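Everything below belongs to entry_38.cif, which stores mmCIF, C-alpha atoms and all ligand atoms.
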```
data_start
#
loop_
_atom_site.label_atom_id
_atom_site.label_comp_id
_atom_site.auth_asym_id
_atom_site.auth_seq_id
_atom_site.Cartn_x
_atom_site.Cartn_y
_atom_site.Cartn_z
CA MET A 1 -14.28 4.18 7.34
CA ASP A 2 -12.74 6.96 5.26
CA THR A 3 -11.54 5.27 2.08
CA ARG A 4 -10.30 6.42 -1.30
CA ILE A 5 -9.50 4.56 -4.50
CA GLY A 6 -6.70 4.98 -7.03
CA PHE A 7 -6.18 3.63 -10.53
CA GLY A 8 -2.92 3.18 -12.42
CA TYR A 9 -2.01 2.05 -15.93
CA ASP A 10 1.32 1.52 -17.67
CA SER A 11 2.77 -0.09 -20.77
CA HIS A 12 6.26 -0.87 -22.07
CA GLU A 13 7.54 -2.43 -25.28
CA PHE A 14 9.59 -5.63 -25.27
CA LYS A 15 13.19 -5.21 -26.38
CA PRO A 16 15.99 -7.76 -26.78
CA GLY A 17 19.07 -7.49 -24.58
CA VAL A 18 17.18 -6.04 -21.62
CA LEU A 19 16.49 -7.83 -18.31
CA LEU A 20 12.79 -8.51 -17.83
CA ARG A 21 11.76 -6.94 -14.50
CA ILE A 22 8.15 -7.37 -13.38
CA GLY A 23 6.89 -6.95 -9.82
CA GLY A 24 10.41 -6.45 -8.48
CA LEU A 25 11.52 -9.84 -9.85
CA THR A 26 13.88 -10.60 -12.73
CA LEU A 27 12.12 -13.12 -14.99
CA ASP A 28 13.80 -15.58 -17.32
CA HIS A 29 12.88 -14.34 -20.82
CA PRO A 30 14.85 -13.45 -23.98
CA GLN A 31 13.46 -9.89 -23.97
CA GLY A 32 12.95 -7.23 -21.34
CA LEU A 33 10.79 -4.11 -21.16
CA ALA A 34 12.27 -0.97 -22.67
CA GLY A 35 12.05 2.08 -20.48
CA HIS A 36 14.07 4.88 -18.99
CA SER A 37 14.06 3.00 -15.68
CA ASP A 38 14.05 -0.81 -15.32
CA GLY A 39 10.66 -0.83 -17.14
CA ASP A 40 8.81 -2.62 -14.34
CA VAL A 41 5.31 -2.18 -15.73
CA LEU A 42 3.61 -3.67 -12.64
CA LEU A 43 5.38 -1.46 -10.10
CA HIS A 44 4.75 1.61 -12.27
CA ALA A 45 1.01 0.91 -12.44
CA ILE A 46 0.83 0.36 -8.66
CA THR A 47 2.84 3.55 -8.06
CA ASP A 48 0.32 5.53 -10.13
CA ALA A 49 -2.62 3.86 -8.37
CA LEU A 50 -1.24 4.86 -4.95
CA LEU A 51 -0.44 8.42 -6.05
CA GLY A 52 -3.88 8.65 -7.66
CA ALA A 53 -5.62 7.45 -4.49
CA VAL A 54 -4.45 10.58 -2.65
CA ALA A 55 -4.52 12.84 -5.75
CA ALA A 56 -0.75 13.35 -5.51
CA GLY A 57 -0.03 13.44 -9.25
CA ASP A 58 1.58 10.65 -11.22
CA ILE A 59 4.90 8.88 -11.59
CA GLY A 60 5.99 11.22 -14.41
CA SER A 61 5.51 14.34 -12.30
CA PHE A 62 7.95 13.00 -9.68
CA PHE A 63 10.35 11.17 -11.99
CA PRO A 64 10.55 12.90 -15.39
CA PRO A 65 11.76 10.37 -18.02
CA GLY A 66 14.50 12.77 -19.16
CA ASP A 67 16.15 12.92 -15.74
CA PRO A 68 19.44 10.94 -15.87
CA ARG A 69 19.09 10.03 -12.17
CA TRP A 70 16.30 7.58 -13.02
CA LYS A 71 18.13 5.88 -15.92
CA ASP A 72 17.82 2.10 -15.31
CA ALA A 73 16.50 2.90 -11.81
CA ASP A 74 15.04 0.13 -9.66
CA SER A 75 11.30 0.88 -9.72
CA ALA A 76 11.07 0.09 -6.01
CA ILE A 77 12.28 3.72 -5.61
CA PHE A 78 9.10 4.99 -7.31
CA LEU A 79 6.95 2.75 -5.17
CA ASN A 80 8.65 4.02 -2.02
CA LEU A 81 7.94 7.60 -2.98
CA ALA A 82 4.26 6.79 -3.59
CA MET A 83 4.07 5.13 -0.16
CA GLU A 84 5.60 8.22 1.41
CA GLU A 85 3.01 10.43 -0.32
CA LEU A 86 0.28 8.10 0.93
CA GLN A 87 1.62 8.26 4.47
CA ASN A 88 1.97 12.06 4.35
CA ALA A 89 -1.66 12.31 3.27
CA GLY A 90 -2.61 10.16 6.30
CA TYR A 91 -3.63 6.99 4.43
CA ARG A 92 -2.57 3.36 4.32
CA ILE A 93 -3.18 0.52 1.86
CA VAL A 94 -6.28 -1.66 2.28
CA ASN A 95 -5.62 -3.77 -0.84
CA ILE A 96 -4.15 -3.67 -4.33
CA ASP A 97 -5.50 -5.51 -7.36
CA THR A 98 -3.63 -5.70 -10.66
CA THR A 99 -3.96 -7.22 -14.12
CA LEU A 100 -0.91 -7.72 -16.34
CA ILE A 101 -1.56 -8.10 -20.06
CA LEU A 102 1.29 -9.72 -21.96
CA ALA A 103 1.77 -12.54 -24.48
CA ALA A 104 4.83 -14.04 -22.73
CA PRO A 105 6.27 -15.16 -20.41
CA ARG A 106 3.52 -16.87 -18.40
CA ILE A 107 3.03 -15.13 -15.07
CA GLY A 108 1.02 -17.90 -13.35
CA PRO A 109 4.05 -19.95 -12.25
CA VAL A 110 5.70 -16.91 -10.60
CA ALA A 111 2.57 -15.05 -9.45
CA GLY A 112 2.92 -16.29 -5.86
CA GLU A 113 6.53 -15.18 -5.59
CA MET A 114 5.63 -11.87 -7.27
CA ARG A 115 2.79 -11.21 -4.81
CA ALA A 116 5.15 -11.90 -1.90
CA ARG A 117 7.76 -9.53 -3.35
CA VAL A 118 5.25 -6.72 -3.99
CA ALA A 119 3.68 -7.18 -0.53
CA ASP A 120 7.18 -6.92 0.91
CA LEU A 121 7.89 -3.71 -1.02
CA LEU A 122 4.53 -2.24 0.09
CA ASN A 123 4.99 -3.43 3.66
CA VAL A 124 1.60 -5.19 3.66
CA GLU A 125 0.41 -8.79 3.97
CA ILE A 126 0.38 -11.01 0.88
CA ASP A 127 -3.45 -11.29 0.97
CA GLN A 128 -3.61 -7.52 0.41
CA VAL A 129 -1.96 -7.91 -3.01
CA SER A 130 -3.55 -9.54 -6.04
CA ILE A 131 -1.66 -10.11 -9.31
CA LYS A 132 -3.54 -11.50 -12.28
CA ALA A 133 -2.33 -11.92 -15.85
CA LYS A 134 -3.83 -12.47 -19.26
CA THR A 135 -2.71 -12.49 -22.89
CA PRO A 136 -3.60 -9.59 -25.21
CA GLU A 137 -6.20 -11.47 -27.26
CA GLY A 138 -7.23 -9.64 -30.41
CA LEU A 139 -5.18 -6.54 -29.61
CA ASN A 140 -2.21 -7.26 -31.85
CA LEU A 141 0.03 -6.15 -29.00
CA ASP A 142 2.22 -9.19 -28.40
CA HIS A 143 5.28 -6.89 -28.40
CA VAL A 144 3.94 -4.89 -25.44
CA ALA A 145 3.34 -5.51 -21.73
CA GLN A 146 0.53 -3.56 -20.10
CA CYS A 147 -0.65 -3.37 -16.52
CA HIS A 148 -3.76 -2.02 -14.80
CA ALA A 149 -3.80 -1.51 -11.04
CA VAL A 150 -6.33 -0.32 -8.47
CA ALA A 151 -5.51 0.59 -4.88
CA LEU A 152 -7.99 1.00 -2.03
CA VAL A 153 -6.63 3.09 0.84
CA GLU A 154 -8.06 4.09 4.22
CA ARG A 155 -7.39 7.01 6.48
CA VAL A 156 -5.10 6.25 9.37
CA GLN A 157 -6.53 7.31 12.75
CA GLU A 158 -4.94 10.62 13.62
CA PRO A 159 -2.72 10.70 16.69
CA ASP A 160 -4.59 13.80 17.97
CA SER A 161 -7.98 12.10 18.00
CA LEU A 162 -6.41 9.08 19.70
CA LYS A 163 -4.98 11.39 22.37
CA SER A 164 -8.28 13.11 23.00
CA MET A 165 -10.03 9.72 23.10
CA SER A 166 -7.69 8.44 25.80
CA ALA A 167 -8.20 11.69 27.74
CA VAL A 168 -11.97 11.10 27.66
CA ILE A 169 -11.53 7.52 28.85
CA GLU A 170 -9.21 8.68 31.65
CA SER A 171 -11.61 11.38 32.83
CA GLN A 172 -14.53 8.91 32.74
CA ARG A 173 -12.52 6.49 34.85
CA GLN A 174 -11.72 9.21 37.41
CA LEU A 175 -15.39 10.21 37.51
CA GLU A 176 -16.43 6.59 38.10
CA ASP A 177 -13.86 6.35 40.91
CA VAL A 178 -15.31 9.44 42.59
CA VAL A 179 -18.87 8.06 42.27
CA ASP A 180 -17.76 4.69 43.66
CA ASP A 181 -16.02 6.37 46.60
CA LEU A 182 -19.14 8.42 47.34
CA LEU A 183 -21.39 5.35 47.12
CA SER A 184 -19.20 3.28 49.40
CA SER A 185 -18.89 6.08 51.95
CA VAL A 186 -22.64 6.84 51.97
CA HIS A 187 -24.14 3.36 51.58
CA GLY A 188 -21.26 1.13 52.47
CA VAL A 189 -21.36 -0.34 48.94
CA PRO A 190 -18.03 -2.03 48.26
CA LYS A 191 -15.96 -0.31 45.64
CA LYS A 192 -16.26 -1.92 42.20
CA ARG A 193 -13.15 -3.31 40.67
CA VAL A 194 -12.98 -1.63 37.26
CA ALA A 195 -10.96 -3.41 34.60
CA PRO A 196 -9.05 -0.97 32.42
CA VAL A 197 -10.65 -0.38 29.01
CA TYR A 198 -7.34 -1.18 27.41
CA ASP A 199 -3.76 -1.15 28.46
CA THR A 200 -1.31 0.09 25.88
CA GLU A 201 1.53 -1.43 27.89
CA ASP A 202 0.16 -4.86 26.95
CA ILE A 203 0.57 -4.29 23.24
CA THR A 204 3.70 -6.18 22.19
ZN ZN B 301 6.48 2.47 -16.87
#
```

Show the structure stored in the file as structure tokens.
Ligand SMILES: [Zn+2]
Amino acid sequence: MDTRIGFGYDSHEFKPGVLLRIGGLTLDHPQGLAGHSDGDVLLHAITDALLGAVAAGDIGSFFPPGDPRWKDADSAIFLNLAMEELQNAGYRIVNIDTTLILAAPRIGPVAGEMRARVADLLNVEIDQVSIKAKTPEGLNLDHVAQCHAVALVERVQEPDSLKSMSAVIESQRQLEDVVDDLLSSVHGVPKKRVAPVYDTEDIT
């Protein structure tokens, strides 16, 4: 299996009068995360992990903070771009693991919903996404939310190699048919019934 790994980190400061967006959800909290975009620290860390996995740069190289287009932007846009880069490089997500570090609010009660939302955004199953959270003990950073993320990705089988593989299977089948015909004509051996190796028509 051809796999690669990516790591992402992000941090944002809490600020009153801002909606708190984490993992694509709006959380009930008196303060939100200050940022040029919606400040979604979790989605930003995952975006950087995915870009890093295929050495495609980082979130800042695609979305410069000074660009007015990304003011208050939904961070799902950044994630989508990272997924496109991943796809263009010929890779797909195996799994994502994350750790949020913030004093409040508690993430545990919403972690399930957050995993489902992130899995939805990444177009993967929920068991491919892990979201953990802890408080910033001893860091004196209760005014900040941080997030670490790692992404494991694997190379998607190339269409060309699939094509050549099916050509090999087809030619082997034809060869077997010829041998069977020869055997049955020479020795009177009844022709074997060969079950197809696989039938793409059956895939629904
Ligand atoms: Zn950020």

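The smallest atom-to-atom distance between Gly108 (chain A) and any of A:Gln87, A:Thr135, A:Asn123, A:Gln157, using only C-alpha atoms, is found for A:Thr135.
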
Quick one: of A:Ala76, A:Ile5, A:Leu42, A:Leu50, who's nearest to ligand ZN 301 (chain B), counting all atoms listed in the file? A:Leu42

With ligand ZN 301 (chain B) as the partner and 10 Å as the cut-off, tabulate the residues of chain A that qualify, each row holding the nearest pair of atoms and their distance in Å to one decimal, using all atoms listed in the file, sorted by chain and rising number, as JSON lines.
```
{"residue": "A:Tyr9", "atom": "CA", "partner": "B:ZN301", "partner_atom": "ZN", "distance": 8.6}
{"residue": "A:Asp10", "atom": "CA", "partner": "B:ZN301", "partner_atom": "ZN", "distance": 5.3}
{"residue": "A:Ser11", "atom": "CA", "partner": "B:ZN301", "partner_atom": "ZN", "distance": 6.0}
{"residue": "A:His12", "atom": "CA", "partner": "B:ZN301", "partner_atom": "ZN", "distance": 6.2}
{"residue": "A:Glu13", "atom": "CA", "partner": "B:ZN301", "partner_atom": "ZN", "distance": 9.8}
{"residue": "A:Leu33", "atom": "CA", "partner": "B:ZN301", "partner_atom": "ZN", "distance": 9.0}
{"residue": "A:Ala34", "atom": "CA", "partner": "B:ZN301", "partner_atom": "ZN", "distance": 8.9}
{"residue": "A:Gly35", "atom": "CA", "partner": "B:ZN301", "partner_atom": "ZN", "distance": 6.6}
{"residue": "A:His36", "atom": "CA", "partner": "B:ZN301", "partner_atom": "ZN", "distance": 8.2}
{"residue": "A:Ser37", "atom": "CA", "partner": "B:ZN301", "partner_atom": "ZN", "distance": 7.7}
{"residue": "A:Asp38", "atom": "CA", "partner": "B:ZN301", "partner_atom": "ZN", "distance": 8.4}
{"residue": "A:Gly39", "atom": "CA", "partner": "B:ZN301", "partner_atom": "ZN", "distance": 5.3}
{"residue": "A:Asp40", "atom": "CA", "partner": "B:ZN301", "partner_atom": "ZN", "distance": 6.1}
{"residue": "A:Val41", "atom": "CA", "partner": "B:ZN301", "partner_atom": "ZN", "distance": 4.9}
{"residue": "A:Leu42", "atom": "CA", "partner": "B:ZN301", "partner_atom": "ZN", "distance": 8.0}
{"residue": "A:Leu43", "atom": "CA", "partner": "B:ZN301", "partner_atom": "ZN", "distance": 7.9}
{"residue": "A:His44", "atom": "CA", "partner": "B:ZN301", "partner_atom": "ZN", "distance": 5.0}
{"residue": "A:Ala45", "atom": "CA", "partner": "B:ZN301", "partner_atom": "ZN", "distance": 7.2}
{"residue": "A:Thr47", "atom": "CA", "partner": "B:ZN301", "partner_atom": "ZN", "distance": 9.6}
{"residue": "A:Asp48", "atom": "CA", "partner": "B:ZN301", "partner_atom": "ZN", "distance": 9.6}
{"residue": "A:Ile59", "atom": "CA", "partner": "B:ZN301", "partner_atom": "ZN", "distance": 8.5}
{"residue": "A:Gly60", "atom": "CA", "partner": "B:ZN301", "partner_atom": "ZN", "distance": 9.1}
{"residue": "A:Pro65", "atom": "CA", "partner": "B:ZN301", "partner_atom": "ZN", "distance": 9.6}
{"residue": "A:Ser75", "atom": "CA", "partner": "B:ZN301", "partner_atom": "ZN", "distance": 8.8}
{"residue": "A:Ala145", "atom": "CA", "partner": "B:ZN301", "partner_atom": "ZN", "distance": 9.9}
{"residue": "A:Gln146", "atom": "CA", "partner": "B:ZN301", "partner_atom": "ZN", "distance": 9.1}
{"residue": "A:Cys147", "atom": "CA", "partner": "B:ZN301", "partner_atom": "ZN", "distance": 9.2}
```

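Reported to one decimal place, the separation of CA of Ile77 (chain A) from CA of Val144 (chain A) is 23.2 Å.
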
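Nearest to Glu158 (chain A) of all the residues A:Gln128, A:Tyr91, A:Ala116, A:Asp97 is A:Tyr91, based on all atoms listed in the file.
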
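Comparing the minimum interatomic distances between Asp72 (chain A) and each of A:Arg106, A:His148, A:Arg155, A:Arg21, counting only C-alpha atoms, we find that A:Arg21 sits nearest.
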
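Here the question is which of A:Gly52, A:Gly23, A:Pro30, A:Gly90 gets nearest to Pro105 (chain A) using all atoms listed in the file, and that residue is A:Pro30.
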
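Nearest-residue note for Val54 (chain A): choosing from A:Ala89, A:Val156, A:Leu121, A:Ile96, the minimum distance belongs to A:Ala89, counting only C-alpha atoms.
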
Would you compute the distance between CA of Val129 (chain A) and CA of Asp2 (chain A)? Give it in Å to one decimal. 20.1 Å

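Distance-wise, CA of Ala104 (chain A) and CA of Leu152 (chain A) end up 28.6 Å apart.
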
Quick one: residues within 6 Å of Phe7 (chain A), all atoms listed in the file counted, chain neighbours fewer than 2 positions away excluded, as a PyMOL selection string? chain A and resi 49+149-150
